[in-house]
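Below is input_7.pdb, which holds PDB, N, CA and C atoms, pLDDT in the B column.
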```pdb
MODEL        1
ATOM      1  N   MET J 468      28.487   3.127 128.145  1.00 85.00           N
ATOM      2  CA  MET J 468      28.445   1.697 128.080  1.00 85.00           C
ATOM      3  C   MET J 468      29.690   1.153 128.778  1.00 85.00           C
ATOM      4  N   ARG J 469      29.500   0.104 129.562  1.00 92.00           N
ATOM      5  CA  ARG J 469      30.615  -0.522 130.260  1.00 92.00           C
ATOM      6  C   ARG J 469      30.600  -2.022 129.945  1.00 92.00           C
ATOM      7  N   PHE J 470      31.794  -2.578 129.705  1.00 96.00           N
ATOM      8  CA  PHE J 470      31.890  -3.999 129.381  1.00 96.00           C
ATOM      9  C   PHE J 470      33.215  -4.548 129.877  1.00 96.00           C
ATOM     10  N   ARG J 471      33.356  -5.866 129.871  1.00 97.00           N
ATOM     11  CA  ARG J 471      34.563  -6.531 130.359  1.00 97.00           C
ATOM     12  C   ARG J 471      35.256  -7.251 129.202  1.00 97.00           C
ATOM     13  N   VAL J 472      36.581  -7.095 129.145  1.00 97.00           N
ATOM     14  CA  VAL J 472      37.419  -7.797 128.179  1.00 97.00           C
ATOM     15  C   VAL J 472      38.224  -8.825 128.974  1.00 97.00           C
ATOM     16  N   SER J 473      38.150 -10.098 128.573  1.00 96.00           N
ATOM     17  CA  SER J 473      38.815 -11.174 129.315  1.00 96.00           C
ATOM     18  C   SER J 473      39.750 -11.968 128.422  1.00 96.00           C
ATOM     19  N   ALA J 474      40.896 -12.342 128.972  1.00 97.00           N
ATOM     20  CA  ALA J 474      41.808 -13.277 128.310  1.00 97.00           C
ATOM     21  C   ALA J 474      41.466 -14.657 128.859  1.00 97.00           C
ATOM     22  N   VAL J 475      41.018 -15.554 128.017  1.00 93.00           N
ATOM     23  CA  VAL J 475      40.554 -16.854 128.496  1.00 93.00           C
ATOM     24  C   VAL J 475      41.669 -17.886 128.455  1.00 93.00           C
ATOM     25  N   ASP J 476      42.057 -18.312 127.264  1.00 94.00           N
ATOM     26  CA  ASP J 476      43.022 -19.406 127.124  1.00 94.00           C
ATOM     27  C   ASP J 476      44.424 -18.973 126.727  1.00 94.00           C
ATOM     28  N   ALA J 477      44.568 -17.736 126.310  1.00 96.00           N
ATOM     29  CA  ALA J 477      45.863 -17.259 125.806  1.00 96.00           C
ATOM     30  C   ALA J 477      46.005 -15.774 126.141  1.00 96.00           C
ATOM     31  N   PRO J 478      47.227 -15.240 126.083  1.00 98.00           N
ATOM     32  CA  PRO J 478      47.396 -13.797 126.312  1.00 98.00           C
ATOM     33  C   PRO J 478      46.560 -12.986 125.317  1.00 98.00           C
ATOM     34  N   LEU J 479      46.142 -11.823 125.747  1.00 98.00           N
ATOM     35  CA  LEU J 479      45.315 -10.954 124.918  1.00 98.00           C
ATOM     36  C   LEU J 479      45.806  -9.524 125.070  1.00 98.00           C
ATOM     37  N   THR J 480      46.059  -8.852 123.961  1.00 98.00           N
ATOM     38  CA  THR J 480      46.454  -7.449 123.973  1.00 98.00           C
ATOM     39  C   THR J 480      45.203  -6.596 123.812  1.00 98.00           C
ATOM     40  N   VAL J 481      45.042  -5.609 124.694  1.00 97.00           N
ATOM     41  CA  VAL J 481      43.936  -4.663 124.607  1.00 97.00           C
ATOM     42  C   VAL J 481      44.539  -3.323 124.199  1.00 97.00           C
ATOM     43  N   GLN J 482      44.102  -2.812 123.051  1.00 97.00           N
ATOM     44  CA  GLN J 482      44.630  -1.556 122.513  1.00 97.00           C
ATOM     45  C   GLN J 482      43.524  -0.509 122.534  1.00 97.00           C
ATOM     46  N   PHE J 483      43.888   0.712 122.916  1.00 95.00           N
ATOM     47  CA  PHE J 483      42.932   1.817 122.973  1.00 95.00           C
ATOM     48  C   PHE J 483      43.289   2.844 121.906  1.00 95.00           C
ATOM     49  N   GLU J 484      42.286   3.235 121.134  1.00 90.00           N
ATOM     50  CA  GLU J 484      42.451   4.271 120.117  1.00 90.00           C
ATOM     51  C   GLU J 484      41.585   5.461 120.502  1.00 90.00           C
ATOM     52  N   PRO J 485      42.013   6.648 120.283  1.00 87.00           N
ATOM     53  CA  PRO J 485      43.091   7.068 119.400  1.00 87.00           C
ATOM     54  C   PRO J 485      44.464   7.157 120.054  1.00 87.00           C
ATOM     55  N   SER J 486      44.594   6.843 121.357  1.00 89.00           N
ATOM     56  CA  SER J 486      45.877   7.054 122.041  1.00 89.00           C
ATOM     57  C   SER J 486      46.951   6.033 121.667  1.00 89.00           C
ATOM     58  N   GLY J 487      46.550   4.801 121.325  1.00 91.00           N
ATOM     59  CA  GLY J 487      47.526   3.765 121.006  1.00 91.00           C
ATOM     60  C   GLY J 487      48.052   3.018 122.231  1.00 91.00           C
ATOM     61  N   MET J 488      47.516   3.303 123.429  1.00 95.00           N
ATOM     62  CA  MET J 488      47.948   2.590 124.639  1.00 95.00           C
ATOM     63  C   MET J 488      47.583   1.113 124.509  1.00 95.00           C
ATOM     64  N   GLU J 489      48.482   0.243 124.985  1.00 96.00           N
ATOM     65  CA  GLU J 489      48.257  -1.194 124.922  1.00 96.00           C
ATOM     66  C   GLU J 489      48.541  -1.845 126.268  1.00 96.00           C
ATOM     67  N   TYR J 490      47.747  -2.860 126.571  1.00 97.00           N
ATOM     68  CA  TYR J 490      47.933  -3.650 127.792  1.00 97.00           C
ATOM     69  C   TYR J 490      47.815  -5.113 127.420  1.00 97.00           C
ATOM     70  N   GLU J 491      48.688  -5.944 127.962  1.00 97.00           N
ATOM     71  CA  GLU J 491      48.608  -7.378 127.709  1.00 97.00           C
ATOM     72  C   GLU J 491      48.013  -8.056 128.932  1.00 97.00           C
ATOM     73  N   LEU J 492      46.957  -8.820 128.679  1.00 97.00           N
ATOM     74  CA  LEU J 492      46.307  -9.583 129.736  1.00 97.00           C
ATOM     75  C   LEU J 492      46.775 -11.031 129.650  1.00 97.00           C
ATOM     76  N   SER J 493      47.119 -11.599 130.780  1.00 97.00           N
ATOM     77  CA  SER J 493      47.478 -13.014 130.851  1.00 97.00           C
ATOM     78  C   SER J 493      46.192 -13.833 130.935  1.00 97.00           C
ATOM     79  N   PRO J 494      46.243 -15.122 130.575  1.00 97.00           N
ATOM     80  CA  PRO J 494      45.045 -15.955 130.692  1.00 97.00           C
ATOM     81  C   PRO J 494      44.444 -15.860 132.100  1.00 97.00           C
ATOM     82  N   GLY J 495      43.131 -15.638 132.144  1.00 95.00           N
ATOM     83  CA  GLY J 495      42.429 -15.494 133.414  1.00 95.00           C
ATOM     84  C   GLY J 495      42.282 -14.058 133.877  1.00 95.00           C
ATOM     85  N   GLU J 496      43.037 -13.125 133.300  1.00 97.00           N
ATOM     86  CA  GLU J 496      42.923 -11.712 133.677  1.00 97.00           C
ATOM     87  C   GLU J 496      41.829 -11.038 132.859  1.00 97.00           C
ATOM     88  N   TYR J 497      41.351  -9.914 133.377  1.00 97.00           N
ATOM     89  CA  TYR J 497      40.333  -9.150 132.668  1.00 97.00           C
ATOM     90  C   TYR J 497      40.534  -7.662 132.906  1.00 97.00           C
ATOM     91  N   MET J 498      39.806  -6.871 132.115  1.00 97.00           N
ATOM     92  CA  MET J 498      39.840  -5.417 132.217  1.00 97.00           C
ATOM     93  C   MET J 498      38.412  -4.925 131.966  1.00 97.00           C
ATOM     94  N   ASP J 499      37.928  -4.022 132.811  1.00 98.00           N
ATOM     95  CA  ASP J 499      36.620  -3.401 132.602  1.00 98.00           C
ATOM     96  C   ASP J 499      36.827  -2.109 131.827  1.00 98.00           C
ATOM     97  N   VAL J 500      36.006  -1.885 130.821  1.00 97.00           N
ATOM     98  CA  VAL J 500      36.150  -0.730 129.928  1.00 97.00           C
ATOM     99  C   VAL J 500      34.831   0.045 129.901  1.00 97.00           C
ATOM    100  N   GLU J 501      34.944   1.361 129.918  1.00 94.00           N
ATOM    101  CA  GLU J 501      33.771   2.235 129.825  1.00 94.00           C
ATOM    102  C   GLU J 501      33.993   3.243 128.707  1.00 94.00           C
ATOM    103  N   LEU J 502      33.061   3.299 127.767  1.00 90.00           N
ATOM    104  CA  LEU J 502      33.144   4.273 126.681  1.00 90.00           C
ATOM    105  C   LEU J 502      32.550   5.597 127.145  1.00 90.00           C
ATOM    106  N   PRO J 503      33.023   6.716 126.591  1.00 85.00           N
ATOM    107  CA  PRO J 503      32.502   8.019 127.016  1.00 85.00           C
ATOM    108  C   PRO J 503      31.029   8.173 126.627  1.00 85.00           C
ATOM    109  N   PRO J 504      30.293   8.988 127.361  1.00 84.00           N
ATOM    110  CA  PRO J 504      28.872   9.182 127.046  1.00 84.00           C
ATOM    111  C   PRO J 504      28.679   9.896 125.715  1.00 84.00           C
ATOM    112  N   VAL J 505      27.582   9.547 125.054  1.00 84.00           N
ATOM    113  CA  VAL J 505      27.229  10.171 123.777  1.00 84.00           C
ATOM    114  C   VAL J 505      25.727  10.435 123.757  1.00 84.00           C
ATOM    115  N   ALA J 506      25.286  11.230 122.808  1.00 85.00           N
ATOM    116  CA  ALA J 506      23.863  11.471 122.609  1.00 85.00           C
ATOM    117  C   ALA J 506      23.188  10.180 122.146  1.00 85.00           C
ATOM    118  N   LEU J 507      21.892  10.072 122.350  1.00 85.00           N
ATOM    119  CA  LEU J 507      21.165   8.852 121.994  1.00 85.00           C
ATOM    120  C   LEU J 507      21.324   8.461 120.533  1.00 85.00           C
ATOM    121  N   SER J 508      21.485   9.415 119.651  1.00 87.00           N
ATOM    122  CA  SER J 508      21.577   9.119 118.223  1.00 87.00           C
ATOM    123  C   SER J 508      23.000   8.801 117.761  1.00 87.00           C
ATOM    124  N   GLU J 509      23.973   8.843 118.678  1.00 86.00           N
ATOM    125  CA  GLU J 509      25.372   8.619 118.314  1.00 86.00           C
ATOM    126  C   GLU J 509      25.839   7.229 118.742  1.00 86.00           C
ATOM    127  N   ILE J 510      26.921   6.782 118.137  1.00 86.00           N
ATOM    128  CA  ILE J 510      27.556   5.509 118.496  1.00 86.00           C
ATOM    129  C   ILE J 510      28.698   5.819 119.443  1.00 86.00           C
ATOM    130  N   ALA J 511      28.746   5.125 120.587  1.00 85.00           N
ATOM    131  CA  ALA J 511      29.748   5.407 121.623  1.00 85.00           C
ATOM    132  C   ALA J 511      31.152   5.020 121.206  1.00 85.00           C
ATOM    133  N   GLY J 512      31.283   3.979 120.409  1.00 89.00           N
ATOM    134  CA  GLY J 512      32.612   3.544 119.997  1.00 89.00           C
ATOM    135  C   GLY J 512      32.557   2.217 119.288  1.00 89.00           C
ATOM    136  N   ASP J 513      33.723   1.687 118.987  1.00 92.00           N
ATOM    137  CA  ASP J 513      33.840   0.414 118.293  1.00 92.00           C
ATOM    138  C   ASP J 513      34.728  -0.521 119.098  1.00 92.00           C
ATOM    139  N   VAL J 514      34.429  -1.807 119.020  1.00 94.00           N
ATOM    140  CA  VAL J 514      35.273  -2.835 119.619  1.00 94.00           C
ATOM    141  C   VAL J 514      35.571  -3.831 118.517  1.00 94.00           C
ATOM    142  N   ASP J 515      36.843  -3.932 118.146  1.00 96.00           N
ATOM    143  CA  ASP J 515      37.266  -4.852 117.099  1.00 96.00           C
ATOM    144  C   ASP J 515      38.083  -5.970 117.725  1.00 96.00           C
ATOM    145  N   TYR J 516      37.805  -7.203 117.306  1.00 94.00           N
ATOM    146  CA  TYR J 516      38.503  -8.355 117.849  1.00 94.00           C
ATOM    147  C   TYR J 516      39.212  -9.094 116.725  1.00 94.00           C
ATOM    148  N   GLY J 517      40.461  -9.435 116.972  1.00 92.00           N
ATOM    149  CA  GLY J 517      41.236 -10.253 116.053  1.00 92.00           C
ATOM    150  C   GLY J 517      42.035 -11.242 116.870  1.00 92.00           C
ATOM    151  N   PRO J 518      42.764 -12.114 116.238  1.00 92.00           N
ATOM    152  CA  PRO J 518      43.552 -13.092 116.982  1.00 92.00           C
ATOM    153  C   PRO J 518      44.497 -12.420 117.976  1.00 92.00           C
ATOM    154  N   GLY J 519      44.271 -12.648 119.261  1.00 96.00           N
ATOM    155  CA  GLY J 519      45.160 -12.145 120.297  1.00 96.00           C
ATOM    156  C   GLY J 519      45.065 -10.669 120.595  1.00 96.00           C
ATOM    157  N   MET J 520      44.067  -9.965 120.010  1.00 97.00           N
ATOM    158  CA  MET J 520      43.987  -8.512 120.225  1.00 97.00           C
ATOM    159  C   MET J 520      42.546  -8.023 120.202  1.00 97.00           C
ATOM    160  N   VAL J 521      42.251  -7.078 121.082  1.00 97.00           N
ATOM    161  CA  VAL J 521      40.987  -6.346 121.078  1.00 97.00           C
ATOM    162  C   VAL J 521      41.345  -4.872 120.987  1.00 97.00           C
ATOM    163  N   THR J 522      40.713  -4.156 120.057  1.00 97.00           N
ATOM    164  CA  THR J 522      40.934  -2.715 119.918  1.00 97.00           C
ATOM    165  C   THR J 522      39.648  -1.992 120.294  1.00 97.00           C
ATOM    166  N   VAL J 523      39.771  -1.059 121.235  1.00 95.00           N
ATOM    167  CA  VAL J 523      38.641  -0.247 121.692  1.00 95.00           C
ATOM    168  C   VAL J 523      38.851   1.158 121.150  1.00 95.00           C
ATOM    169  N   SER J 524      37.913   1.617 120.328  1.00 93.00           N
ATOM    170  CA  SER J 524      37.999   2.951 119.736  1.00 93.00           C
ATOM    171  C   SER J 524      36.824   3.781 120.226  1.00 93.00           C
ATOM    172  N   ALA J 525      37.100   4.840 120.959  1.00 86.00           N
ATOM    173  CA  ALA J 525      36.049   5.714 121.467  1.00 86.00           C
ATOM    174  C   ALA J 525      35.662   6.720 120.396  1.00 86.00           C
ATOM    175  N   ARG J 526      34.373   6.930 120.217  1.00 80.00           N
ATOM    176  CA  ARG J 526      33.892   7.918 119.254  1.00 80.00           C
ATOM    177  C   ARG J 526      33.320   9.151 119.943  1.00 80.00           C
ATOM    178  N   GLY J 527      32.947   8.998 121.199  1.00 66.00           N
ATOM    179  CA  GLY J 527      32.329  10.103 121.925  1.00 66.00           C
ATOM    180  C   GLY J 527      33.340  11.164 122.305  1.00 66.00           C
ATOM    181  N   ARG J 528      32.927  12.043 123.169  1.00 71.00           N
ATOM    182  CA  ARG J 528      33.829  13.081 123.660  1.00 71.00           C
ATOM    183  C   ARG J 528      34.763  12.457 124.689  1.00 71.00           C
ATOM    184  N   GLY J 529      36.039  12.599 124.474  1.00 74.00           N
ATOM    185  CA  GLY J 529      37.005  12.062 125.420  1.00 74.00           C
ATOM    186  C   GLY J 529      37.459  10.662 125.057  1.00 74.00           C
ATOM    187  N   PHE J 530      38.079  10.021 126.018  1.00 84.00           N
ATOM    188  CA  PHE J 530      38.657   8.705 125.818  1.00 84.00           C
ATOM    189  C   PHE J 530      37.879   7.676 126.617  1.00 84.00           C
ATOM    190  N   ALA J 531      38.061   6.405 126.246  1.00 91.00           N
ATOM    191  CA  ALA J 531      37.509   5.328 127.056  1.00 91.00           C
ATOM    192  C   ALA J 531      38.242   5.318 128.394  1.00 91.00           C
ATOM    193  N   ARG J 532      37.590   4.788 129.418  1.00 94.00           N
ATOM    194  CA  ARG J 532      38.235   4.576 130.714  1.00 94.00           C
ATOM    195  C   ARG J 532      38.327   3.074 130.919  1.00 94.00           C
ATOM    196  N   ALA J 533      39.332   2.631 131.681  1.00 97.00           N
ATOM    197  CA  ALA J 533      39.495   1.198 131.917  1.00 97.00           C
ATOM    198  C   ALA J 533      40.091   0.950 133.289  1.00 97.00           C
ATOM    199  N   TRP J 534      39.737  -0.204 133.860  1.00 97.00           N
ATOM    200  CA  TRP J 534      40.217  -0.620 135.168  1.00 97.00           C
ATOM    201  C   TRP J 534      40.728  -2.048 135.057  1.00 97.00           C
ATOM    202  N   ASN J 535      41.864  -2.320 135.681  1.00 96.00           N
ATOM    203  CA  ASN J 535      42.404  -3.677 135.651  1.00 96.00           C
ATOM    204  C   ASN J 535      41.640  -4.547 136.653  1.00 96.00           C
ATOM    205  N   ALA J 536      42.030  -5.818 136.764  1.00 94.00           N
ATOM    206  CA  ALA J 536      41.320  -6.762 137.625  1.00 94.00           C
ATOM    207  C   ALA J 536      41.362  -6.367 139.103  1.00 94.00           C
ATOM    208  N   GLU J 537      42.332  -5.566 139.494  1.00 95.00           N
ATOM    209  CA  GLU J 537      42.413  -5.101 140.878  1.00 95.00           C
ATOM    210  C   GLU J 537      41.547  -3.862 141.119  1.00 95.00           C
ATOM    211  N   GLY J 538      40.887  -3.360 140.083  1.00 96.00           N
ATOM    212  CA  GLY J 538      40.040  -2.189 140.214  1.00 96.00           C
ATOM    213  C   GLY J 538      40.782  -0.865 140.094  1.00 96.00           C
ATOM    214  N   ILE J 539      42.042  -0.920 139.663  1.00 96.00           N
ATOM    215  CA  ILE J 539      42.858   0.300 139.515  1.00 96.00           C
ATOM    216  C   ILE J 539      42.676   0.835 138.093  1.00 96.00           C
ATOM    217  N   GLU J 540      42.340   2.128 137.980  1.00 97.00           N
ATOM    218  CA  GLU J 540      42.175   2.728 136.662  1.00 97.00           C
ATOM    219  C   GLU J 540      43.519   2.815 135.950  1.00 97.00           C
ATOM    220  N   VAL J 541      43.521   2.435 134.672  1.00 95.00           N
ATOM    221  CA  VAL J 541      44.739   2.477 133.871  1.00 95.00           C
ATOM    222  C   VAL J 541      44.614   3.578 132.829  1.00 95.00           C
ATOM    223  N   THR J 542      45.722   4.020 132.299  1.00 92.00           N
ATOM    224  CA  THR J 542      45.745   5.071 131.285  1.00 92.00           C
ATOM    225  C   THR J 542      45.302   4.503 129.950  1.00 92.00           C
ATOM    226  N   THR J 543      44.339   5.181 129.319  1.00 88.00           N
ATOM    227  CA  THR J 543      43.864   4.726 128.015  1.00 88.00           C
ATOM    228  C   THR J 543      44.213   5.746 126.962  1.00 88.00           C
TER     229      THR J 543
ENDMDL
END
```

Since I need it in another form, could you write the structure as structure tokens?
Amino acid sequence: MRFRVSAVDAPLTVQFEPSGMEYELSPGEYMDVELPPVALSEIAGDVDYGPGMVTVSARGRGFARAWNAEGIEVTT
């Protein structure tokens, strides 16, 4: 599964679990995120949203992958 996380009106911190890596997006910036593949009966991961923060937790094999607005892959 692939999706986009966007900071609209305020800065937004994107945190990746289980690694704990964090990235701060400025208003107008975005990050594309891809969860690792899983079997049809499994859940790929969780996305939790709170004030000023999105946490992406991968459940599949491996870690989520992410790319910044310039298309450069970042460490998750």

Checklist line | Residue members of the PyMOL selection byres ((chain J and resi 498-512) around 6.5) in the file shown, as a list in words | finding: Met468, Arg469, Phe470, Arg471, Val472, Ser473, Ala474, Glu496, Tyr497, Asp513, Val514, Ser524, Ala525, Arg526, Gly527, Arg528, Gly529, Phe530, Ala531, Arg532, Ala533, Trp534, Asn535 and Ala536 of chain J

With N, CA and C atoms kept, could you save the residues just selected as a short mmCIF file (atom, residue, chain, number, x, y, z; two decimals), in the frame of the given file?
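Printed below is again_3.cif as written:
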```cif
data_model
loop_
_atom_site.label_atom_id
_atom_site.label_comp_id
_atom_site.auth_asym_id
_atom_site.auth_seq_id
_atom_site.Cartn_x
_atom_site.Cartn_y
_atom_site.Cartn_z
N MET J 468 28.49 3.13 128.15
CA MET J 468 28.44 1.70 128.08
C MET J 468 29.69 1.15 128.78
N ARG J 469 29.50 0.10 129.56
CA ARG J 469 30.62 -0.52 130.26
C ARG J 469 30.60 -2.02 129.94
N PHE J 470 31.79 -2.58 129.71
CA PHE J 470 31.89 -4.00 129.38
C PHE J 470 33.22 -4.55 129.88
N ARG J 471 33.36 -5.87 129.87
CA ARG J 471 34.56 -6.53 130.36
C ARG J 471 35.26 -7.25 129.20
N VAL J 472 36.58 -7.10 129.15
CA VAL J 472 37.42 -7.80 128.18
C VAL J 472 38.22 -8.82 128.97
N SER J 473 38.15 -10.10 128.57
CA SER J 473 38.82 -11.17 129.32
C SER J 473 39.75 -11.97 128.42
N ALA J 474 40.90 -12.34 128.97
CA ALA J 474 41.81 -13.28 128.31
C ALA J 474 41.47 -14.66 128.86
N GLU J 496 43.04 -13.12 133.30
CA GLU J 496 42.92 -11.71 133.68
C GLU J 496 41.83 -11.04 132.86
N TYR J 497 41.35 -9.91 133.38
CA TYR J 497 40.33 -9.15 132.67
C TYR J 497 40.53 -7.66 132.91
N ASP J 513 33.72 1.69 118.99
CA ASP J 513 33.84 0.41 118.29
C ASP J 513 34.73 -0.52 119.10
N VAL J 514 34.43 -1.81 119.02
CA VAL J 514 35.27 -2.84 119.62
C VAL J 514 35.57 -3.83 118.52
N SER J 524 37.91 1.62 120.33
CA SER J 524 38.00 2.95 119.74
C SER J 524 36.82 3.78 120.23
N ALA J 525 37.10 4.84 120.96
CA ALA J 525 36.05 5.71 121.47
C ALA J 525 35.66 6.72 120.40
N ARG J 526 34.37 6.93 120.22
CA ARG J 526 33.89 7.92 119.25
C ARG J 526 33.32 9.15 119.94
N GLY J 527 32.95 9.00 121.20
CA GLY J 527 32.33 10.10 121.92
C GLY J 527 33.34 11.16 122.30
N ARG J 528 32.93 12.04 123.17
CA ARG J 528 33.83 13.08 123.66
C ARG J 528 34.76 12.46 124.69
N GLY J 529 36.04 12.60 124.47
CA GLY J 529 37.01 12.06 125.42
C GLY J 529 37.46 10.66 125.06
N PHE J 530 38.08 10.02 126.02
CA PHE J 530 38.66 8.70 125.82
C PHE J 530 37.88 7.68 126.62
N ALA J 531 38.06 6.40 126.25
CA ALA J 531 37.51 5.33 127.06
C ALA J 531 38.24 5.32 128.39
N ARG J 532 37.59 4.79 129.42
CA ARG J 532 38.24 4.58 130.71
C ARG J 532 38.33 3.07 130.92
N ALA J 533 39.33 2.63 131.68
CA ALA J 533 39.49 1.20 131.92
C ALA J 533 40.09 0.95 133.29
N TRP J 534 39.74 -0.20 133.86
CA TRP J 534 40.22 -0.62 135.17
C TRP J 534 40.73 -2.05 135.06
N ASN J 535 41.86 -2.32 135.68
CA ASN J 535 42.40 -3.68 135.65
C ASN J 535 41.64 -4.55 136.65
N ALA J 536 42.03 -5.82 136.76
CA ALA J 536 41.32 -6.76 137.62
C ALA J 536 41.36 -6.37 139.10
#
```

Notebook entry, point to check: With distances taken over only C-alpha atoms, which of J:Tyr490, J:Pro485, J:Thr522, J:Thr480 is nearest to Val541 in chain J?
Noted result: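 Ranked by minimum distance to Val541 in chain J, first place goes to J:Tyr490.
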
Next item on the list: Give me, please, the distance in Å between CA of Glu489 in chain J and CA of Thr543 in chain J, quoted to one decimal.
Entry: 8.0 Å

Next item on the list: Once DSSP has gone over the backbone, tell me which residues of chain J are in strand (DSSP E or B), as a ChimeraX atom specification.
Entry: /J:469-473,479-484,489-492,497-501,512-517,520-525,532-535,540-541

Only N, CA and C atoms, please: the residues just picked out, written as a compact mmCIF listing (two decimals), in the frame of the given file.
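Contents of out-v6.txt, freshly written:
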```txt
# COMPACT_ATOMS: atom_id res chain seq x y z
N ARG J 469 29.50 0.10 129.56
CA ARG J 469 30.62 -0.52 130.26
C ARG J 469 30.60 -2.02 129.94
N PHE J 470 31.79 -2.58 129.71
CA PHE J 470 31.89 -4.00 129.38
C PHE J 470 33.22 -4.55 129.88
N ARG J 471 33.36 -5.87 129.87
CA ARG J 471 34.56 -6.53 130.36
C ARG J 471 35.26 -7.25 129.20
N VAL J 472 36.58 -7.10 129.15
CA VAL J 472 37.42 -7.80 128.18
C VAL J 472 38.22 -8.82 128.97
N SER J 473 38.15 -10.10 128.57
CA SER J 473 38.82 -11.17 129.32
C SER J 473 39.75 -11.97 128.42
N LEU J 479 46.14 -11.82 125.75
CA LEU J 479 45.32 -10.95 124.92
C LEU J 479 45.81 -9.52 125.07
N THR J 480 46.06 -8.85 123.96
CA THR J 480 46.45 -7.45 123.97
C THR J 480 45.20 -6.60 123.81
N VAL J 481 45.04 -5.61 124.69
CA VAL J 481 43.94 -4.66 124.61
C VAL J 481 44.54 -3.32 124.20
N GLN J 482 44.10 -2.81 123.05
CA GLN J 482 44.63 -1.56 122.51
C GLN J 482 43.52 -0.51 122.53
N PHE J 483 43.89 0.71 122.92
CA PHE J 483 42.93 1.82 122.97
C PHE J 483 43.29 2.84 121.91
N GLU J 484 42.29 3.24 121.13
CA GLU J 484 42.45 4.27 120.12
C GLU J 484 41.58 5.46 120.50
N GLU J 489 48.48 0.24 124.98
CA GLU J 489 48.26 -1.19 124.92
C GLU J 489 48.54 -1.84 126.27
N TYR J 490 47.75 -2.86 126.57
CA TYR J 490 47.93 -3.65 127.79
C TYR J 490 47.82 -5.11 127.42
N GLU J 491 48.69 -5.94 127.96
CA GLU J 491 48.61 -7.38 127.71
C GLU J 491 48.01 -8.06 128.93
N LEU J 492 46.96 -8.82 128.68
CA LEU J 492 46.31 -9.58 129.74
C LEU J 492 46.78 -11.03 129.65
N TYR J 497 41.35 -9.91 133.38
CA TYR J 497 40.33 -9.15 132.67
C TYR J 497 40.53 -7.66 132.91
N MET J 498 39.81 -6.87 132.12
CA MET J 498 39.84 -5.42 132.22
C MET J 498 38.41 -4.92 131.97
N ASP J 499 37.93 -4.02 132.81
CA ASP J 499 36.62 -3.40 132.60
C ASP J 499 36.83 -2.11 131.83
N VAL J 500 36.01 -1.88 130.82
CA VAL J 500 36.15 -0.73 129.93
C VAL J 500 34.83 0.04 129.90
N GLU J 501 34.94 1.36 129.92
CA GLU J 501 33.77 2.24 129.82
C GLU J 501 33.99 3.24 128.71
N GLY J 512 31.28 3.98 120.41
CA GLY J 512 32.61 3.54 120.00
C GLY J 512 32.56 2.22 119.29
N ASP J 513 33.72 1.69 118.99
CA ASP J 513 33.84 0.41 118.29
C ASP J 513 34.73 -0.52 119.10
N VAL J 514 34.43 -1.81 119.02
CA VAL J 514 35.27 -2.84 119.62
C VAL J 514 35.57 -3.83 118.52
N ASP J 515 36.84 -3.93 118.15
CA ASP J 515 37.27 -4.85 117.10
C ASP J 515 38.08 -5.97 117.72
N TYR J 516 37.80 -7.20 117.31
CA TYR J 516 38.50 -8.36 117.85
C TYR J 516 39.21 -9.09 116.72
N GLY J 517 40.46 -9.44 116.97
CA GLY J 517 41.24 -10.25 116.05
C GLY J 517 42.04 -11.24 116.87
N MET J 520 44.07 -9.96 120.01
CA MET J 520 43.99 -8.51 120.22
C MET J 520 42.55 -8.02 120.20
N VAL J 521 42.25 -7.08 121.08
CA VAL J 521 40.99 -6.35 121.08
C VAL J 521 41.34 -4.87 120.99
N THR J 522 40.71 -4.16 120.06
CA THR J 522 40.93 -2.72 119.92
C THR J 522 39.65 -1.99 120.29
N VAL J 523 39.77 -1.06 121.24
CA VAL J 523 38.64 -0.25 121.69
C VAL J 523 38.85 1.16 121.15
N SER J 524 37.91 1.62 120.33
CA SER J 524 38.00 2.95 119.74
C SER J 524 36.82 3.78 120.23
N ALA J 525 37.10 4.84 120.96
CA ALA J 525 36.05 5.71 121.47
C ALA J 525 35.66 6.72 120.40
N ARG J 532 37.59 4.79 129.42
CA ARG J 532 38.24 4.58 130.71
C ARG J 532 38.33 3.07 130.92
N ALA J 533 39.33 2.63 131.68
CA ALA J 533 39.49 1.20 131.92
C ALA J 533 40.09 0.95 133.29
N TRP J 534 39.74 -0.20 133.86
CA TRP J 534 40.22 -0.62 135.17
C TRP J 534 40.73 -2.05 135.06
N ASN J 535 41.86 -2.32 135.68
CA ASN J 535 42.40 -3.68 135.65
C ASN J 535 41.64 -4.55 136.65
N GLU J 540 42.34 2.13 137.98
CA GLU J 540 42.18 2.73 136.66
C GLU J 540 43.52 2.82 135.95
N VAL J 541 43.52 2.44 134.67
CA VAL J 541 44.74 2.48 133.87
C VAL J 541 44.61 3.58 132.83
```

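Between atom C of Glu484 in chain J and atom N of Asp515 in chain J the interatomic distance comes to 10.8 Å.
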
Notebook entry, point to check: Nearest to Ala477 in chain J among J:Val523, J:Pro494, J:Tyr516, J:Glu540, with distances taken over only N, CA and C atoms: which residue is it?
Noted result: J:Pro494

Margin query: Can you measure atom C of Met488 in chain J to CA of Asp476 in chain J for me? One decimal in Å is fine.
Written below: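 Between atom C of Met488 in chain J and CA of Asp476 in chain J the gap works out to 21.2 Å.
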
Item checked: All residues 6.5 Å or closer to Met520 in chain J, only N, CA and C atoms, same chain fewer than 6 positions away omitted, as a VMD selection string -> chain J and resid 479 to 482

Output for the residues just chosen: N, CA and C atoms as an mmCIF file, in the frame of the given file:
```
data_model
loop_
_atom_site.group_PDB
_atom_site.id
_atom_site.type_symbol
_atom_site.label_atom_id
_atom_site.label_comp_id
_atom_site.auth_asym_id
_atom_site.auth_seq_id
_atom_site.Cartn_x
_atom_site.Cartn_y
_atom_site.Cartn_z
ATOM 1 N N LEU J 479 46.142 -11.823 125.747
ATOM 2 C CA LEU J 479 45.315 -10.954 124.918
ATOM 3 C C LEU J 479 45.806 -9.524 125.070
ATOM 4 N N THR J 480 46.059 -8.852 123.961
ATOM 5 C CA THR J 480 46.454 -7.449 123.973
ATOM 6 C C THR J 480 45.203 -6.596 123.812
ATOM 7 N N VAL J 481 45.042 -5.609 124.694
ATOM 8 C CA VAL J 481 43.936 -4.663 124.607
ATOM 9 C C VAL J 481 44.539 -3.323 124.199
ATOM 10 N N GLN J 482 44.102 -2.812 123.051
ATOM 11 C CA GLN J 482 44.630 -1.556 122.513
ATOM 12 C C GLN J 482 43.524 -0.509 122.534
#
```
